[in-house]
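For reference, coords-v4.csv (CSV, C-alpha atoms and all ligand atoms):
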chain,number,residue,atom,x,y,z
A,1,MET,CA,-47.6,32.9,-14.9
A,2,GLU,CA,-50.1,35.1,-13.0
A,3,THR,CA,-48.9,38.6,-12.6
A,4,LEU,CA,-50.3,41.4,-10.4
A,5,VAL,CA,-49.1,44.9,-11.3
A,6,VAL,CA,-49.3,47.6,-8.7
A,7,GLY,CA,-49.8,51.1,-10.2
A,8,ASP,CA,-49.1,54.3,-8.4
A,9,HIS,CA,-49.2,58.0,-9.1
A,10,PHE,CA,-45.7,57.8,-10.7
A,11,ILE,CA,-46.0,54.8,-12.9
A,12,ALA,CA,-49.6,53.8,-13.9
A,13,ALA,CA,-50.5,50.1,-14.1
A,14,ARG,CA,-51.2,50.4,-17.8
A,15,TYR,CA,-47.5,50.8,-18.5
A,16,TYR,CA,-46.7,47.3,-17.1
A,17,VAL,CA,-49.7,45.7,-18.7
A,18,ASP,CA,-48.7,47.1,-22.1
A,19,ALA,CA,-45.1,46.1,-21.7
A,20,LEU,CA,-45.9,42.6,-20.5
A,21,ARG,CA,-48.1,42.0,-23.5
A,22,GLU,CA,-45.4,43.3,-25.8
A,23,VAL,CA,-42.5,41.5,-24.3
A,24,CYS,CA,-44.1,38.2,-23.1
A,25,GLY,CA,-46.8,37.9,-25.8
A,26,GLU,CA,-50.6,38.4,-26.0
A,27,ASP,CA,-51.3,35.0,-24.5
A,28,PHE,CA,-48.9,35.4,-21.5
A,29,GLY,CA,-50.7,34.3,-18.3
A,30,PRO,CA,-53.3,36.4,-16.5
A,31,VAL,CA,-52.2,40.0,-15.7
A,32,ARG,CA,-54.2,41.8,-13.1
A,33,ALA,CA,-53.8,45.4,-12.0
A,34,VAL,CA,-54.4,47.2,-8.7
A,35,ASP,CA,-53.7,50.8,-7.8
A,36,TRP,CA,-52.0,51.7,-4.6
A,37,ALA,CA,-54.4,54.1,-2.8
A,38,GLY,CA,-53.5,57.6,-1.6
A,39,SER,CA,-52.4,60.9,-3.1
A,40,ARG,CA,-49.2,61.5,-5.0
A,41,SER,CA,-47.6,63.4,-2.1
A,42,GLU,CA,-48.6,60.7,0.4
A,43,GLN,CA,-47.0,58.1,-1.8
A,44,HIS,CA,-43.9,60.2,-2.1
A,45,ARG,CA,-43.7,60.6,1.7
A,46,VAL,CA,-44.1,56.8,2.3
A,47,GLN,CA,-41.4,56.0,-0.3
A,48,HIS,CA,-39.1,58.7,1.2
A,49,GLU,CA,-39.5,57.2,4.7
A,50,MET,CA,-38.8,53.6,3.5
A,51,GLU,CA,-35.7,54.9,1.8
A,52,TRP,CA,-34.4,56.1,5.2
A,53,HIS,CA,-35.8,53.3,7.4
A,54,GLY,CA,-36.6,50.3,5.2
A,55,ALA,CA,-39.9,48.5,4.5
A,56,ALA,CA,-40.0,46.3,7.6
A,57,GLY,CA,-42.0,49.0,9.5
A,58,ALA,CA,-44.2,50.1,6.6
A,59,PRO,CA,-47.8,48.6,6.7
A,60,SER,CA,-49.0,46.6,3.7
A,61,ALA,CA,-51.8,48.5,1.9
A,62,PRO,CA,-55.2,46.7,2.4
A,63,GLU,CA,-56.0,47.0,-1.3
A,64,LEU,CA,-52.8,45.0,-2.1
A,65,LEU,CA,-53.5,42.4,0.6
A,66,ASP,CA,-57.0,41.9,-1.0
A,67,ALA,CA,-55.6,41.7,-4.5
A,68,VAL,CA,-52.6,39.5,-4.2
A,69,GLY,CA,-54.6,36.2,-4.3
A,70,GLU,CA,-53.0,33.6,-6.6
A,71,ALA,CA,-50.4,36.0,-8.1
A,72,GLU,CA,-47.0,34.5,-8.8
A,73,VAL,CA,-45.3,37.8,-9.6
A,74,LEU,CA,-45.8,41.2,-8.2
A,75,ALA,CA,-44.6,44.1,-10.4
A,76,VAL,CA,-44.4,47.2,-8.3
A,77,HIS,CA,-42.7,50.7,-8.1
A,78,PHE,CA,-43.1,52.5,-4.8
A,79,ALA,CA,-45.8,50.6,-2.8
A,80,PRO,CA,-44.6,48.9,0.4
A,81,ILE,CA,-44.2,45.1,0.0
A,82,ALA,CA,-44.0,44.2,3.7
A,83,GLY,CA,-43.8,40.7,5.2
A,84,ALA,CA,-47.6,40.4,5.7
A,85,LEU,CA,-48.2,40.9,2.0
A,86,LEU,CA,-45.5,38.4,1.0
A,87,GLU,CA,-47.1,35.9,3.4
A,88,ALA,CA,-50.6,36.5,2.0
A,89,GLY,CA,-49.3,35.8,-1.5
A,90,LYS,CA,-49.1,32.0,-1.1
A,91,ARG,CA,-48.0,31.4,-4.7
A,92,LEU,CA,-45.6,34.3,-5.0
A,93,LYS,CA,-42.3,33.5,-6.8
A,94,ALA,CA,-40.9,37.0,-7.3
A,95,VAL,CA,-41.3,40.7,-6.6
A,96,VAL,CA,-40.0,42.8,-9.5
A,97,VAL,CA,-39.4,46.4,-8.6
A,98,ALA,CA,-39.5,49.0,-11.4
A,99,ARG,CA,-36.4,50.9,-10.0
A,100,ALA,CA,-32.9,50.2,-8.8
A,101,GLY,CA,-33.6,50.8,-5.0
A,102,LEU,CA,-35.4,48.0,-3.2
A,103,GLU,CA,-36.1,49.8,0.0
A,104,ASN,CA,-39.9,49.2,-0.3
A,105,VAL,CA,-39.5,45.4,-0.1
A,106,ASP,CA,-38.9,43.4,3.0
A,107,ILE,CA,-36.1,41.3,1.4
A,108,GLU,CA,-35.4,39.4,4.6
A,109,ALA,CA,-39.1,38.1,4.7
A,110,ALA,CA,-39.0,37.5,1.0
A,111,THR,CA,-35.9,35.4,1.2
A,112,ARG,CA,-37.4,33.4,4.1
A,113,LEU,CA,-40.5,32.7,2.0
A,114,GLY,CA,-38.4,31.8,-1.1
A,115,VAL,CA,-39.5,34.8,-3.1
A,116,ALA,CA,-37.0,36.4,-5.4
A,117,VAL,CA,-36.6,40.2,-5.3
A,118,SER,CA,-35.3,42.1,-8.2
A,119,GLY,CA,-34.9,45.7,-9.4
A,120,VAL,CA,-34.1,47.1,-12.7
A,121,SER,CA,-31.3,49.5,-13.6
A,122,GLY,CA,-30.6,52.3,-16.2
A,123,ARG,CA,-34.3,53.2,-16.5
A,124,ASN,CA,-34.2,56.9,-15.8
A,125,ALA,CA,-30.6,58.1,-16.1
A,126,SER,CA,-31.4,60.2,-19.2
A,127,GLY,CA,-34.3,62.0,-17.4
A,128,VAL,CA,-32.1,62.8,-14.4
A,129,ALA,CA,-29.2,64.0,-16.6
A,130,GLU,CA,-31.6,66.3,-18.6
A,131,LEU,CA,-32.9,67.7,-15.3
A,132,ALA,CA,-29.3,68.4,-14.2
A,133,LEU,CA,-28.7,70.3,-17.4
A,134,GLY,CA,-32.0,72.2,-16.9
A,135,MET,CA,-30.8,73.2,-13.4
A,136,MET,CA,-27.5,74.4,-14.8
A,137,LEU,CA,-29.3,76.5,-17.4
A,138,SER,CA,-32.0,77.7,-15.0
A,139,GLU,CA,-29.4,78.9,-12.4
A,140,SER,CA,-26.9,80.5,-14.8
A,141,ARG,CA,-29.6,82.5,-16.6
A,142,GLY,CA,-32.0,83.0,-13.6
A,143,ILE,CA,-34.8,81.4,-15.7
A,144,ALA,CA,-37.0,80.2,-12.7
A,145,ARG,CA,-36.5,83.5,-10.9
A,146,SER,CA,-37.4,85.6,-13.9
A,147,ASP,CA,-40.4,83.5,-14.6
A,148,ALA,CA,-41.7,84.0,-11.0
A,149,LEU,CA,-41.0,87.7,-11.1
A,150,LEU,CA,-42.7,88.3,-14.4
A,151,LYS,CA,-45.8,86.3,-13.5
A,152,GLY,CA,-46.0,88.3,-10.3
A,153,GLY,CA,-46.3,91.4,-12.5
A,154,GLY,CA,-42.7,92.6,-12.3
A,155,TRP,CA,-39.9,93.2,-14.7
A,156,HIS,CA,-36.2,93.2,-13.9
A,157,GLU,CA,-33.0,93.5,-15.8
A,158,PRO,CA,-30.6,91.3,-13.8
A,159,PRO,CA,-26.9,91.4,-14.2
A,160,PRO,CA,-25.6,89.4,-17.2
A,161,GLY,CA,-25.9,85.6,-16.9
A,162,THR,CA,-23.2,83.1,-17.7
A,163,GLU,CA,-23.0,80.5,-20.4
A,164,ILE,CA,-22.3,76.8,-20.0
A,165,GLY,CA,-20.4,76.8,-23.3
A,166,HIS,CA,-16.7,76.5,-22.8
A,167,SER,CA,-17.1,76.4,-19.0
A,168,THR,CA,-15.6,73.8,-16.6
A,169,VAL,CA,-18.1,71.2,-15.4
A,170,GLY,CA,-17.1,69.1,-12.5
A,171,MET,CA,-19.0,65.8,-11.9
A,172,VAL,CA,-18.9,63.9,-8.6
A,173,GLY,CA,-19.9,60.4,-9.6
A,174,PHE,CA,-19.8,59.1,-13.2
A,175,GLY,CA,-22.3,56.3,-13.4
A,176,GLN,CA,-25.3,56.1,-15.7
A,177,VAL,CA,-26.5,59.7,-15.0
A,178,GLY,CA,-23.0,61.1,-15.3
A,179,ARG,CA,-22.4,59.5,-18.6
A,180,GLN,CA,-25.8,60.7,-20.0
A,181,LEU,CA,-25.0,64.2,-18.9
A,182,ALA,CA,-21.5,64.1,-20.4
A,183,GLN,CA,-23.0,63.1,-23.8
A,184,ARG,CA,-25.4,66.0,-23.6
A,185,LEU,CA,-22.7,68.4,-22.5
A,186,ALA,CA,-20.4,67.5,-25.5
A,187,GLY,CA,-22.2,70.1,-27.6
A,188,PHE,CA,-21.4,72.8,-25.1
A,189,GLN,CA,-17.6,72.0,-25.5
A,190,VAL,CA,-17.0,72.1,-21.8
A,191,ARG,CA,-13.9,71.0,-19.9
A,192,LEU,CA,-15.1,67.9,-18.0
A,193,LEU,CA,-13.6,67.0,-14.6
A,194,VAL,CA,-14.7,63.9,-12.9
A,195,ALA,CA,-14.2,62.7,-9.3
A,196,ASP,CA,-15.2,59.0,-9.1
A,197,PRO,CA,-12.8,56.6,-7.6
A,198,TYR,CA,-14.6,53.5,-9.0
A,199,ILE,CA,-14.5,54.2,-12.7
A,200,ASP,CA,-12.1,52.8,-15.4
A,201,PRO,CA,-10.0,55.8,-16.7
A,202,ALA,CA,-10.5,54.4,-20.2
A,203,ASP,CA,-14.2,54.9,-19.8
A,204,LEU,CA,-13.7,58.5,-18.9
A,205,ARG,CA,-11.5,59.1,-21.9
A,206,ARG,CA,-14.3,58.0,-24.2
A,207,TYR,CA,-16.3,61.0,-22.8
A,208,ASP,CA,-13.3,63.4,-23.1
A,209,GLY,CA,-13.3,63.7,-19.3
A,210,GLU,CA,-10.3,64.2,-17.0
A,211,SER,CA,-10.0,62.4,-13.7
A,212,ALA,CA,-9.7,64.9,-10.8
A,213,SER,CA,-9.7,64.9,-7.0
A,214,LEU,CA,-12.8,65.9,-5.2
A,215,ALA,CA,-11.1,69.1,-4.0
A,216,ASP,CA,-10.1,70.0,-7.5
A,217,VAL,CA,-13.6,69.4,-8.8
A,218,PHE,CA,-14.9,71.9,-6.3
A,219,ARG,CA,-12.0,74.3,-6.7
A,220,LEU,CA,-11.8,74.5,-10.5
A,221,SER,CA,-15.4,74.0,-11.7
A,222,ASP,CA,-18.0,76.6,-12.8
A,223,TYR,CA,-20.7,74.0,-12.2
A,224,VAL,CA,-20.4,71.1,-9.7
A,225,VAL,CA,-22.9,68.4,-10.4
A,226,LEU,CA,-23.4,65.7,-7.8
A,227,GLN,CA,-24.6,62.3,-9.1
A,228,ALA,CA,-22.8,59.8,-6.9
A,229,ARG,CA,-24.5,56.8,-5.2
A,230,LEU,CA,-25.4,57.0,-1.5
A,231,THR,CA,-23.2,54.6,0.4
A,232,PRO,CA,-21.8,54.6,3.9
A,233,GLU,CA,-18.7,56.2,2.4
A,234,THR,CA,-20.6,59.0,0.6
A,235,GLU,CA,-23.1,59.9,3.3
A,236,ARG,CA,-22.8,63.7,3.9
A,237,PHE,CA,-19.3,63.6,2.2
A,238,ILE,CA,-20.0,66.9,0.4
A,239,ASN,CA,-19.2,69.3,3.3
A,240,ALA,CA,-18.4,72.9,4.3
A,241,GLU,CA,-14.7,72.4,3.5
A,242,LEU,CA,-15.5,71.5,-0.2
A,243,PHE,CA,-18.1,74.4,-0.5
A,244,GLY,CA,-15.4,76.7,0.8
A,245,LEU,CA,-13.2,75.8,-2.2
A,246,MET,CA,-15.8,76.8,-4.8
A,247,LYS,CA,-15.4,79.9,-6.9
A,248,PRO,CA,-17.9,82.7,-6.0
A,249,SER,CA,-19.3,82.5,-9.5
A,250,ALA,CA,-19.9,78.7,-9.4
A,251,TYR,CA,-23.1,76.7,-9.2
A,252,PHE,CA,-23.8,73.5,-7.3
A,253,VAL,CA,-26.4,71.0,-8.6
A,254,ASN,CA,-27.7,68.0,-6.6
A,255,VAL,CA,-30.0,65.6,-8.5
A,256,ALA,CA,-28.8,62.5,-6.6
A,257,ARG,CA,-29.6,62.2,-2.9
A,258,SER,CA,-29.8,64.8,-0.1
A,259,ARG,CA,-27.9,62.6,2.3
A,260,LEU,CA,-24.7,62.9,0.2
A,261,VAL,CA,-24.5,66.6,1.3
A,262,ASP,CA,-24.2,68.5,4.5
A,263,TYR,CA,-27.3,70.6,3.7
A,264,ASP,CA,-26.6,73.0,6.7
A,265,ALA,CA,-23.3,73.8,5.1
A,266,LEU,CA,-24.9,74.3,1.7
A,267,TYR,CA,-27.5,76.5,3.2
A,268,ALA,CA,-24.9,78.6,5.0
A,269,THR,CA,-22.9,78.9,1.7
A,270,LEU,CA,-25.9,80.0,-0.3
A,271,SER,CA,-27.4,82.3,2.2
A,272,ALA,CA,-24.1,84.1,2.6
A,273,GLY,CA,-23.9,84.5,-1.2
A,274,ARG,CA,-20.6,82.6,-1.1
A,275,ILE,CA,-21.4,80.9,-4.4
A,276,ALA,CA,-23.6,82.0,-7.3
A,277,GLY,CA,-26.4,79.5,-6.8
A,278,ALA,CA,-27.6,75.9,-6.7
A,279,GLY,CA,-30.2,73.6,-8.2
A,280,LEU,CA,-31.7,71.0,-5.9
A,281,ASP,CA,-34.1,68.1,-6.7
A,282,VAL,CA,-33.7,66.2,-3.4
A,283,TYR,CA,-34.2,67.1,0.3
A,284,ASP,CA,-33.8,65.6,3.7
A,285,GLU,CA,-37.6,66.0,4.2
A,286,GLU,CA,-39.8,65.1,1.2
A,287,PRO,CA,-42.3,66.5,0.3
A,288,LEU,CA,-40.6,69.7,1.4
A,289,PRO,CA,-42.5,71.2,4.4
A,290,PRO,CA,-44.4,74.5,3.6
A,291,ASP,CA,-42.1,76.4,6.0
A,292,SER,CA,-38.8,74.9,4.7
A,293,ARG,CA,-35.9,77.3,4.8
A,294,TRP,CA,-35.0,76.4,1.2
A,295,ARG,CA,-38.2,78.0,-0.1
A,296,SER,CA,-37.1,81.6,0.9
A,297,LEU,CA,-33.6,81.4,-0.5
A,298,PRO,CA,-33.3,83.5,-3.6
A,299,ASN,CA,-30.3,81.8,-5.2
A,300,VAL,CA,-31.6,78.3,-5.6
A,301,THR,CA,-33.8,76.5,-8.2
A,302,LEU,CA,-35.9,73.9,-6.5
A,303,THR,CA,-37.7,70.9,-8.1
A,304,PRO,CA,-39.8,68.3,-6.3
A,305,HIS,CA,-37.6,65.2,-6.7
A,306,PHE,CA,-38.8,64.5,-10.1
A,307,GLY,CA,-35.5,64.0,-11.9
A,308,GLY,CA,-36.4,60.5,-13.2
A,309,ASP,CA,-40.1,61.3,-13.7
A,310,THR,CA,-40.6,61.2,-17.5
A,311,ILE,CA,-42.8,59.3,-19.9
A,312,GLN,CA,-39.7,57.6,-21.3
A,313,THR,CA,-38.7,56.5,-17.7
A,314,ASN,CA,-42.2,54.9,-17.2
A,315,GLU,CA,-41.9,53.1,-20.6
A,316,ASN,CA,-38.4,51.9,-19.9
A,317,SER,CA,-39.2,50.8,-16.3
A,318,ALA,CA,-42.2,48.8,-17.4
A,319,ARG,CA,-40.2,47.2,-20.3
A,320,LEU,CA,-37.3,46.2,-18.0
A,321,VAL,CA,-39.8,44.8,-15.5
A,322,ALA,CA,-41.5,42.8,-18.3
A,323,GLU,CA,-38.1,41.5,-19.5
A,324,THR,CA,-37.4,40.3,-15.9
A,325,VAL,CA,-40.8,38.5,-15.7
A,326,ALA,CA,-40.0,36.9,-19.1
A,327,GLU,CA,-36.7,35.7,-17.8
A,328,LEU,CA,-38.5,34.1,-14.8
A,329,ALA,CA,-41.1,32.5,-17.0
A,330,ALA,CA,-38.4,31.1,-19.3
A,331,THR,CA,-35.7,30.0,-16.8
A,332,GLY,CA,-37.5,29.7,-13.4
A,333,ARG,CA,-35.2,32.3,-11.8
A,334,ILE,CA,-34.0,35.9,-12.0
A,335,ALA,CA,-30.2,35.9,-12.2
A,336,ARG,CA,-29.8,39.5,-11.0
A,337,ALA,CA,-32.2,39.1,-8.1
A,338,ALA,CA,-30.9,40.8,-4.9
A,339,ASN,CA,-31.4,37.5,-3.0
A,340,ALA,CA,-30.5,35.1,-5.8
A,341,ASP,CA,-27.5,33.7,-3.9
A,342,ALA,CA,-29.5,33.2,-0.7
A,343,LEU,CA,-32.3,31.5,-2.6
A,344,GLY,CA,-29.9,29.3,-4.5
A,345,ARG,CA,-28.6,28.0,-1.1
A,346,LYS,CA,-32.1,27.1,0.2
B,401,LIG,N1,-33.5,62.8,-8.8
B,401,LIG,C1,-34.0,61.7,-9.1
B,401,LIG,O1,-35.2,61.5,-9.3
B,401,LIG,C2,-33.1,60.5,-9.2
B,401,LIG,C3,-33.4,59.4,-10.1
B,401,LIG,C4,-32.6,58.3,-10.2
B,401,LIG,C5,-31.4,58.3,-9.6
B,401,LIG,N2,-31.0,59.3,-8.7
B,401,LIG,C6,-29.7,59.4,-8.0
B,401,LIG,O2,-28.7,59.8,-8.9
B,401,LIG,C7,-27.5,59.3,-8.5
B,401,LIG,C8,-26.8,58.7,-9.7
B,401,LIG,O3,-27.5,57.6,-10.3
B,401,LIG,P1,-26.8,56.6,-11.3
B,401,LIG,O4,-28.0,55.8,-11.9
B,401,LIG,O5,-25.9,57.3,-12.2
B,401,LIG,O6,-26.0,55.7,-10.3
B,401,LIG,P2,-24.8,54.7,-10.7
B,401,LIG,O7,-24.8,53.7,-9.7
B,401,LIG,O8,-24.8,54.3,-12.1
B,401,LIG,O9,-23.5,55.7,-10.5
B,401,LIG,C9,-23.1,56.2,-9.3
B,401,LIG,C10,-21.7,56.5,-9.4
B,401,LIG,O10,-21.3,57.0,-8.1
B,401,LIG,C11,-20.0,56.6,-7.9
B,401,LIG,N3,-19.4,56.7,-6.6
B,401,LIG,C12,-19.5,55.9,-5.5
B,401,LIG,N4,-18.8,56.3,-4.5
B,401,LIG,C13,-18.3,57.5,-4.9
B,401,LIG,C14,-17.4,58.4,-4.2
B,401,LIG,N5,-16.9,58.2,-3.0
B,401,LIG,N6,-17.1,59.5,-4.9
B,401,LIG,C15,-17.5,59.7,-6.2
B,401,LIG,N7,-18.3,58.9,-6.9
B,401,LIG,C16,-18.7,57.8,-6.2
B,401,LIG,C17,-19.9,55.2,-8.4
B,401,LIG,O11,-18.6,54.8,-8.7
B,401,LIG,C18,-20.8,55.3,-9.7
B,401,LIG,O12,-20.0,55.5,-10.8
B,401,LIG,C19,-27.8,58.3,-7.4
B,401,LIG,O13,-27.5,58.9,-6.2
B,401,LIG,C20,-29.3,58.0,-7.6
B,401,LIG,O14,-29.8,57.6,-6.3
B,401,LIG,C21,-31.8,60.4,-8.6
Just give me the structure of the file as structure tokens.
Ligand SMILES: NC(=O)c1ccc[n+]([C@@H]2O[C@H](COP(=O)([O-])OP(=O)(O)OC[C@H]3O[C@@H](n4cnc5c(N)ncnc54)[C@H](O)[C@@H]3O)[C@@H](O)[C@H]2O)c1
Amino acid sequence: METLVVGDHFIAARYYVDALREVCGEDFGPVRAVDWAGSRSEQHRVQHEMEWHGAAGAPSAPELLDAVGEAEVLAVHFAPIAGALLEAGKRLKAVVVARAGLENVDIEAATRLGVAVSGVSGRNASGVAELALGMMLSESRGIARSDALLKGGGWHEPPPGTEIGHSTVGMVGFGQVGRQLAQRLAGFQVRLLVADPYIDPADLRRYDGESASLADVFRLSDYVVLQARLTPETERFINAELFGLMKPSAYFVNVARSRLVDYDALYATLSAGRIAGAGLDVYDEEPLPPDSRWRSLPNVTLTPHFGGDTIQTNENSARLVAETVAELAATGRIARAANADALGRK
């Protein structure tokens, strides 16, 4: 089975090549590699736009159109896989995306052309959870601010920080990231409150968590960590009313998606000093514009949407992609493909 792997600035092609050799065997069909052209921030911007508007409007990169040839499988992370590319790949059977979101693939065109589209899940939850913990530590001890100040030649003796140990941590969303964070927080002996209407309470008990309403999570927690999925129900559901319930000493962390939050309300809350601080990895506009209002706010730690960006994530992603390709090679189909049902009916 001929596979074309598409490397980008986030997951290099060699990760897929190594994983395919390891999972599918040294003599597995030809594996070719192509790199999606452009800088890291250009690739981030294109991906961010596709996440908001889908792949239908995104142009296929010429280097991918040139490379697709006889490939039967495309293994890809962020690069747009639009209709023109799917049409150019006359022998394509599947597009396997190295992440859960499939915004970069024109699934409608793929289904029409009989091409399966599948993502992978659980690849980067540990990285995102560890960043959330880092945000909590950074904010409660002012680590990022102290670093910037000292490197700028200054010295300061800020008021005492706070400790995570024995605090109350409120999680909004308790999926893969939430569970990884709960495991890591166990050593801090926190009280864990969870607002997630879709989890089994027995699952929560395994992590020593207590089910709570959204309002109680915001009202009672010293740290509120947002890690819910973006759905029509959760779009901008974290709003001024909830921020108004937070303790003045509490911190808010968003490592999930910006569209879950009314960022105007969060900005107003932080700039008025109504809560102690926040940690943000995700924004409405990415990359963050040079004149973004967030850059001048003192009580926030900012990171460039790199929660899932670790060596371990790259290795896991490529292995999960290779396992999916192996399933296709062995069975002729991918059971968890997003369009498996539609293809089955064809
Ligand atoms: N910063 C990054 O680089 C990065 C990387 C990967 C994932 N993420 C984001 O992190 C978040 C969590 O990822 P995950 O892998 O744990 O997802 P997941 O699908 O495993 O879990 C999401 C959870 O959200 C819950 N949820 C849905 N609606 C809810 C609601 N109304 N209230 C509360 N909870 C609700 C679901 O029940 C589920 O348990 C997602 O938004 C994902 O897009 C960010």
Who sits within 12 Å of A:Thr234, all atoms listed in the file, same chain under 6 positions skipped, as a ChimeraX atom specification: /A:172-173,196-197,214,226-228,256-262
Expected selection as a ChimeraX atom specification for ligand LIG 401 (chain B) within 8 Å, all atoms listed in the file: /A:101,121-122,124-125,127-128,172-179,195-199,214,226-231,233-234,237,255-257,281-282,305-309
For A:Asn299, the nearest of the candidates A:Glu163, A:Glu139, A:Asp264, A:Glu63, counting all atoms listed in the file: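 Of A:Glu163, A:Glu139, A:Asp264, A:Glu63, the one nearest A:Asn299 is A:Glu139, counting all atoms listed in the file.
When all atoms listed in the file are used to compute distances to A:Val31, the closest of the residues A:Ala55, A:Val46, A:Leu266, A:Ala75 turns out to be A:Ala75.
Using only C-alpha atoms, the shortest contact distance between A:Val97 and any of A:Trp155, A:Gly83, A:Ser271, A:Val76 is found at A:Val76.
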Contacts of stretch 221-223 of chain A within 6 Å, only C-alpha atoms, excl. fewer than 2 positions in-chain, as a PDB file with C-alpha atoms, keeping the file's coordinate frame:
ATOM      1  CA  THR A 168     -15.600  73.800 -16.600  1.00  0.00           C
ATOM      2  CA  VAL A 169     -18.100  71.200 -15.400  1.00  0.00           C
ATOM      3  CA  GLY A 170     -17.100  69.100 -12.500  1.00  0.00           C
ATOM      4  CA  VAL A 217     -13.600  69.400  -8.800  1.00  0.00           C
ATOM      5  CA  PHE A 218     -14.900  71.900  -6.300  1.00  0.00           C
ATOM      6  CA  ALA A 250     -19.900  78.700  -9.400  1.00  0.00           C
ATOM      7  CA  TYR A 251     -23.100  76.700  -9.200  1.00  0.00           C
ATOM      8  CA  PHE A 252     -23.800  73.500  -7.300  1.00  0.00           C
TER       9      PHE A 252
END
Separation of atom CA of A:Phe10 from atom CA of A:Ala322 in Å: 17.3 Å
Between atom CA of A:Ile238 and atom CA of A:Ala215, distance in Å (one decimal):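 One can read the atom CA of A:Ile238 to atom CA of A:Ala215 distance as 10.2 Å.
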Residue with smallest distance to A:Gly54 - pool A:Leu102, A:Leu86, A:Phe78, A:Asn314, counting all atoms listed in the file: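 Ranking A:Leu102, A:Leu86, A:Phe78, A:Asn314 by distance to A:Gly54, first place goes to A:Leu102.
Neighbouring residues of A:His9 at 8 Å or closer, counting all atoms listed in the file and skipping chain neighbours under 6 positions away, are Ser39, Arg40 and Gln43 of chain A.
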Minimum-distance residue to A:Ala100, chosen among A:Leu131, A:Ala56, A:Val120, A:Val325 (using only C-alpha atoms): A:Val120
Of the listed residues A:Asn104, A:Ser211, A:Thr3, A:Gln47, that which approaches A:Pro30 most closely, counting only C-alpha atoms: A:Thr3
Å distance separating atom CA of A:Gln183 from atom CA of A:Ser138, one decimal place: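 Going from atom CA of A:Gln183 over to atom CA of A:Ser138 covers 19.3 Å.
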Neighbour list for A:Leu92 as JSON, numbers by chain, cut-off 7 Å, all atoms listed in the file, skip fewer than 4 positions in-chain: {"A": [71, 72, 73, 115]}
